[in-house]
file protein.cif (mmCIF, N, CA and C atoms)
data_model
#
loop_
_atom_site.group_PDB
_atom_site.id
_atom_site.type_symbol
_atom_site.label_atom_id
_atom_site.label_comp_id
_atom_site.auth_asym_id
_atom_site.auth_seq_id
_atom_site.Cartn_x
_atom_site.Cartn_y
_atom_site.Cartn_z
ATOM 1 N N MET A 48 69.015 83.574 -85.048
ATOM 2 C CA MET A 48 70.105 83.437 -85.992
ATOM 3 C C MET A 48 70.843 82.117 -85.765
ATOM 4 N N GLU A 49 70.895 81.694 -84.515
ATOM 5 C CA GLU A 49 71.594 80.438 -84.214
ATOM 6 C C GLU A 49 70.893 79.254 -84.878
ATOM 7 N N ASP A 50 69.543 79.306 -84.946
ATOM 8 C CA ASP A 50 68.793 78.229 -85.596
ATOM 9 C C ASP A 50 69.190 78.108 -87.073
ATOM 10 N N PHE A 51 69.404 79.243 -87.709
ATOM 11 C CA PHE A 51 69.823 79.241 -89.110
ATOM 12 C C PHE A 51 71.168 78.542 -89.266
ATOM 13 N N HIS A 52 72.112 78.893 -88.409
ATOM 14 C CA HIS A 52 73.447 78.286 -88.491
ATOM 15 C C HIS A 52 73.390 76.783 -88.229
ATOM 16 N N VAL A 53 72.552 76.372 -87.296
ATOM 17 C CA VAL A 53 72.391 74.942 -87.011
ATOM 18 C C VAL A 53 71.801 74.236 -88.228
ATOM 19 N N ALA A 54 70.805 74.857 -88.871
ATOM 20 C CA ALA A 54 70.174 74.256 -90.051
ATOM 21 C C ALA A 54 71.184 74.116 -91.183
ATOM 22 N N VAL A 55 71.994 75.128 -91.398
ATOM 23 C CA VAL A 55 73.011 75.063 -92.455
ATOM 24 C C VAL A 55 74.031 73.979 -92.138
ATOM 25 N N ASP A 56 74.478 73.930 -90.897
ATOM 26 C CA ASP A 56 75.435 72.888 -90.494
ATOM 27 C C ASP A 56 74.847 71.497 -90.703
ATOM 28 N N ASN A 57 73.576 71.313 -90.343
ATOM 29 C CA ASN A 57 72.909 70.022 -90.548
ATOM 30 C C ASN A 57 72.826 69.673 -92.026
ATOM 31 N N TYR A 58 72.499 70.662 -92.850
ATOM 32 C CA TYR A 58 72.413 70.449 -94.299
ATOM 33 C C TYR A 58 73.771 70.036 -94.865
ATOM 34 N N LEU A 59 74.816 70.738 -94.470
ATOM 35 C CA LEU A 59 76.155 70.418 -94.962
ATOM 36 C C LEU A 59 76.600 69.034 -94.508
ATOM 37 N N GLU A 60 76.262 68.678 -93.285
ATOM 38 C CA GLU A 60 76.595 67.353 -92.767
ATOM 39 C C GLU A 60 75.857 66.266 -93.543
ATOM 40 N N LEU A 61 74.578 66.490 -93.822
ATOM 41 C CA LEU A 61 73.781 65.543 -94.598
ATOM 42 C C LEU A 61 74.363 65.362 -95.999
ATOM 43 N N CYS A 62 74.738 66.463 -96.627
ATOM 44 C CA CYS A 62 75.341 66.392 -97.962
ATOM 45 C C CYS A 62 76.613 65.552 -97.927
ATOM 46 N N GLN A 63 77.427 65.773 -96.925
ATOM 47 C CA GLN A 63 78.680 65.032 -96.801
ATOM 48 C C GLN A 63 78.404 63.541 -96.592
ATOM 49 N N GLU A 64 77.436 63.211 -95.737
ATOM 50 C CA GLU A 64 77.085 61.817 -95.479
ATOM 51 C C GLU A 64 76.585 61.122 -96.741
ATOM 52 N N GLU A 65 75.835 61.854 -97.572
ATOM 53 C CA GLU A 65 75.269 61.280 -98.788
ATOM 54 C C GLU A 65 76.208 61.407 -99.988
ATOM 55 N N GLY A 66 77.359 62.036 -99.776
ATOM 56 C CA GLY A 66 78.325 62.200 -100.869
ATOM 57 C C GLY A 66 77.855 63.138 -101.957
ATOM 58 N N LYS A 67 77.031 64.113 -101.582
ATOM 59 C CA LYS A 67 76.498 65.083 -102.552
ATOM 60 C C LYS A 67 77.128 66.445 -102.314
ATOM 61 N N GLU A 68 77.234 67.214 -103.387
ATOM 62 C CA GLU A 68 77.686 68.596 -103.274
ATOM 63 C C GLU A 68 76.510 69.457 -102.830
ATOM 64 N N PRO A 69 76.723 70.365 -101.883
ATOM 65 C CA PRO A 69 75.636 71.281 -101.496
ATOM 66 C C PRO A 69 75.223 72.144 -102.695
ATOM 67 N N GLU A 70 73.938 72.507 -102.721
ATOM 68 C CA GLU A 70 73.471 73.375 -103.803
ATOM 69 C C GLU A 70 74.168 74.718 -103.719
ATOM 70 N N LYS A 71 74.522 75.235 -104.880
ATOM 71 C CA LYS A 71 75.176 76.535 -104.961
ATOM 72 C C LYS A 71 74.105 77.623 -105.029
ATOM 73 N N ALA A 72 74.306 78.689 -104.297
ATOM 74 C CA ALA A 72 73.391 79.831 -104.373
ATOM 75 C C ALA A 72 73.747 80.663 -105.603
ATOM 76 N N TYR A 73 72.762 81.062 -106.358
ATOM 77 C CA TYR A 73 72.966 81.888 -107.541
ATOM 78 C C TYR A 73 72.425 83.280 -107.274
ATOM 79 N N LYS A 74 73.175 84.284 -107.690
ATOM 80 C CA LYS A 74 72.743 85.654 -107.429
ATOM 81 C C LYS A 74 71.865 86.215 -108.539
ATOM 82 N N GLY A 75 71.801 85.520 -109.669
ATOM 83 C CA GLY A 75 70.901 85.940 -110.735
ATOM 84 C C GLY A 75 71.515 86.868 -111.757
ATOM 85 N N SER A 76 72.823 86.969 -111.779
ATOM 86 C CA SER A 76 73.455 87.796 -112.808
ATOM 87 C C SER A 76 74.704 87.102 -113.321
ATOM 88 N N PHE A 77 74.995 87.343 -114.597
ATOM 89 C CA PHE A 77 76.210 86.829 -115.197
ATOM 90 C C PHE A 77 76.547 87.684 -116.416
ATOM 91 N N ASN A 78 77.787 87.695 -116.782
ATOM 92 C CA ASN A 78 78.227 88.474 -117.934
ATOM 93 C C ASN A 78 78.290 87.581 -119.160
ATOM 94 N N ILE A 79 77.917 88.136 -120.294
ATOM 95 C CA ILE A 79 78.040 87.405 -121.555
ATOM 96 C C ILE A 79 78.801 88.264 -122.549
ATOM 97 N N ARG A 80 79.422 87.605 -123.491
ATOM 98 C CA ARG A 80 80.144 88.311 -124.546
ATOM 99 C C ARG A 80 79.485 87.985 -125.877
ATOM 100 N N LEU A 81 79.202 89.023 -126.644
ATOM 101 C CA LEU A 81 78.567 88.890 -127.946
ATOM 102 C C LEU A 81 79.394 89.619 -128.980
ATOM 103 N N SER A 82 79.172 89.277 -130.215
ATOM 104 C CA SER A 82 79.802 90.060 -131.270
ATOM 105 C C SER A 82 79.153 91.437 -131.286
ATOM 106 N N PRO A 83 79.885 92.446 -131.711
ATOM 107 C CA PRO A 83 79.287 93.787 -131.792
ATOM 108 C C PRO A 83 78.034 93.823 -132.679
ATOM 109 N N GLU A 84 78.030 93.030 -133.734
ATOM 110 C CA GLU A 84 76.878 93.015 -134.644
ATOM 111 C C GLU A 84 75.635 92.461 -133.949
ATOM 112 N N LEU A 85 75.806 91.365 -133.200
ATOM 113 C CA LEU A 85 74.672 90.785 -132.491
ATOM 114 C C LEU A 85 74.195 91.716 -131.379
ATOM 115 N N HIS A 86 75.124 92.337 -130.692
ATOM 116 C CA HIS A 86 74.781 93.289 -129.640
ATOM 117 C C HIS A 86 73.922 94.417 -130.225
ATOM 118 N N LYS A 87 74.328 94.920 -131.367
ATOM 119 C CA LYS A 87 73.580 96.006 -132.022
ATOM 120 C C LYS A 87 72.177 95.547 -132.398
ATOM 121 N N LYS A 88 72.054 94.341 -132.962
ATOM 122 C CA LYS A 88 70.733 93.832 -133.347
ATOM 123 C C LYS A 88 69.810 93.695 -132.133
ATOM 124 N N ILE A 89 70.367 93.180 -131.033
ATOM 125 C CA ILE A 89 69.568 93.020 -129.821
ATOM 126 C C ILE A 89 69.154 94.384 -129.274
ATOM 127 N N ALA A 90 70.067 95.336 -129.281
ATOM 128 C CA ALA A 90 69.767 96.676 -128.767
ATOM 129 C C ALA A 90 68.662 97.330 -129.596
ATOM 130 N N ILE A 91 68.732 97.192 -130.896
ATOM 131 C CA ILE A 91 67.697 97.772 -131.772
ATOM 132 C C ILE A 91 66.359 97.098 -131.512
ATOM 133 N N TYR A 92 66.362 95.776 -131.443
ATOM 134 C CA TYR A 92 65.131 95.043 -131.177
ATOM 135 C C TYR A 92 64.526 95.486 -129.845
ATOM 136 N N ALA A 93 65.364 95.567 -128.819
ATOM 137 C CA ALA A 93 64.882 95.949 -127.491
ATOM 138 C C ALA A 93 64.275 97.353 -127.507
ATOM 139 N N MET A 94 64.952 98.285 -128.171
ATOM 140 C CA MET A 94 64.413 99.653 -128.256
ATOM 141 C C MET A 94 63.080 99.676 -128.992
ATOM 142 N N GLU A 95 62.993 98.933 -130.106
ATOM 143 C CA GLU A 95 61.759 98.905 -130.891
ATOM 144 C C GLU A 95 60.599 98.292 -130.113
ATOM 145 N N HIS A 96 60.909 97.407 -129.165
ATOM 146 C CA HIS A 96 59.873 96.726 -128.395
ATOM 147 C C HIS A 96 59.759 97.267 -126.969
ATOM 148 N N ASP A 97 60.442 98.380 -126.726
ATOM 149 C CA ASP A 97 60.373 99.076 -125.441
ATOM 150 C C ASP A 97 60.675 98.146 -124.256
ATOM 151 N N ILE A 98 61.755 97.373 -124.416
ATOM 152 C CA ILE A 98 62.218 96.510 -123.339
ATOM 153 C C ILE A 98 63.718 96.738 -123.145
ATOM 154 N N THR A 99 64.231 96.266 -122.034
ATOM 155 C CA THR A 99 65.665 96.393 -121.776
ATOM 156 C C THR A 99 66.413 95.224 -122.413
ATOM 157 N N LEU A 100 67.721 95.391 -122.548
ATOM 158 C CA LEU A 100 68.542 94.279 -123.024
ATOM 159 C C LEU A 100 68.406 93.097 -122.072
ATOM 160 N N ASN A 101 68.398 93.373 -120.788
ATOM 161 C CA ASN A 101 68.265 92.314 -119.797
ATOM 162 C C ASN A 101 66.958 91.551 -119.997
ATOM 163 N N CYS A 102 65.889 92.277 -120.214
ATOM 164 C CA CYS A 102 64.586 91.652 -120.439
ATOM 165 C C CYS A 102 64.615 90.781 -121.690
ATOM 166 N N PHE A 103 65.232 91.271 -122.745
ATOM 167 C CA PHE A 103 65.344 90.495 -123.982
ATOM 168 C C PHE A 103 66.079 89.185 -123.739
ATOM 169 N N VAL A 104 67.209 89.259 -123.051
ATOM 170 C CA VAL A 104 68.010 88.054 -122.786
ATOM 171 C C VAL A 104 67.221 87.090 -121.907
ATOM 172 N N GLU A 105 66.585 87.612 -120.863
ATOM 173 C CA GLU A 105 65.817 86.750 -119.967
ATOM 174 C C GLU A 105 64.692 86.048 -120.716
ATOM 175 N N GLN A 106 63.952 86.778 -121.537
ATOM 176 C CA GLN A 106 62.860 86.181 -122.310
ATOM 177 C C GLN A 106 63.390 85.141 -123.290
ATOM 178 N N SER A 107 64.521 85.436 -123.911
ATOM 179 C CA SER A 107 65.107 84.509 -124.877
ATOM 180 C C SER A 107 65.549 83.212 -124.216
ATOM 181 N N VAL A 108 66.179 83.328 -123.067
ATOM 182 C CA VAL A 108 66.633 82.143 -122.342
ATOM 183 C C VAL A 108 65.430 81.328 -121.866
ATOM 184 N N GLU A 109 64.419 82.000 -121.324
ATOM 185 C CA GLU A 109 63.220 81.289 -120.875
ATOM 186 C C GLU A 109 62.554 80.559 -122.040
ATOM 187 N N LYS A 110 62.469 81.201 -123.184
ATOM 188 C CA LYS A 110 61.861 80.584 -124.367
ATOM 189 C C LYS A 110 62.650 79.353 -124.791
ATOM 190 N N GLN A 111 63.957 79.459 -124.814
ATOM 191 C CA GLN A 111 64.805 78.333 -125.195
ATOM 192 C C GLN A 111 64.662 77.173 -124.214
ATOM 193 N N LEU A 112 64.671 77.478 -122.929
ATOM 194 C CA LEU A 112 64.561 76.431 -121.914
ATOM 195 C C LEU A 112 63.196 75.757 -121.936
ATOM 196 N N ALA A 113 62.167 76.487 -122.345
ATOM 197 C CA ALA A 113 60.826 75.915 -122.406
ATOM 198 C C ALA A 113 60.776 74.767 -123.418
ATOM 199 N N THR A 114 61.652 74.798 -124.416
ATOM 200 C CA THR A 114 61.681 73.724 -125.408
ATOM 201 C C THR A 114 62.417 72.495 -124.878
ATOM 202 N N VAL A 115 63.171 72.669 -123.792
ATOM 203 C CA VAL A 115 63.961 71.586 -123.233
ATOM 204 C C VAL A 115 63.274 70.966 -122.025
ATOM 205 N N TYR A 116 62.703 71.811 -121.183
ATOM 206 C CA TYR A 116 62.089 71.328 -119.945
ATOM 207 C C TYR A 116 60.596 71.375 -120.033
#

call {"tool": "encode", "arguments": {"input": "protein.cif", "output": "structure tokens"}}
result
Amino acid sequence: MEDFHVAVDNYLELCQEEGKEPEKAYKGSFNIRLSPELHKKIAIYAMEHDITLNCFVEQSVEKQLATVY
């Protein structure tokens, strides 16, 4: 465990020396707000395609990002 702490300390020191912000850890979840009408459309689509709302959003975001990256 001490090796991990040393590695993190070294990383933070390197970031400071280079004037960079350390990378932020992401937990993989976030809340979004939609209109009730859009929420209903997504829920119906998800049910018709036997997927979860989460799966629908993830697929939609991945599809959108594929056009950018």

call {"tool": "select_by_dssp", "arguments": {"input": "protein.cif", "residues": "chain A", "states": "helix (DSSP H, G or I)", "output": "PyMOL selection string"}}
result
chain A and resi 49-65+83-95+100-113

call {"tool": "closest_residue", "arguments": {"input": "protein.cif", "among": "A:Glu65, A:Tyr116, A:Ala54, A:Ile89", "to": "Phe103 in chain A", "atoms": "all atoms listed in the file"}}
result
A:Ile89

call {"tool": "resolve_selection", "arguments": {"input": "protein.cif", "expression": "the PyMOL selection byres (((chain A and resi 66-81 and name CA) around 12) and name CA)", "output": "list of chain:residue names"}}
result
A:Val55, A:Asp56, A:Asn57, A:Tyr58, A:Leu59, A:Glu60, A:Leu61, A:Cys62, A:Gln63, A:Glu64, A:Glu65, A:Ser82, A:Pro83, A:Glu84, A:Leu85, A:His86, A:Lys87, A:Lys88, A:Ile89, A:Ala90, A:Leu100, A:Asn101, A:Val104, A:Glu105

call {"tool": "atom_distance", "arguments": {"input": "protein.cif", "atom1": "CA of Ile91 in chain A", "atom2": "CA of Ser107 in chain A"}}
result
15.2 Å
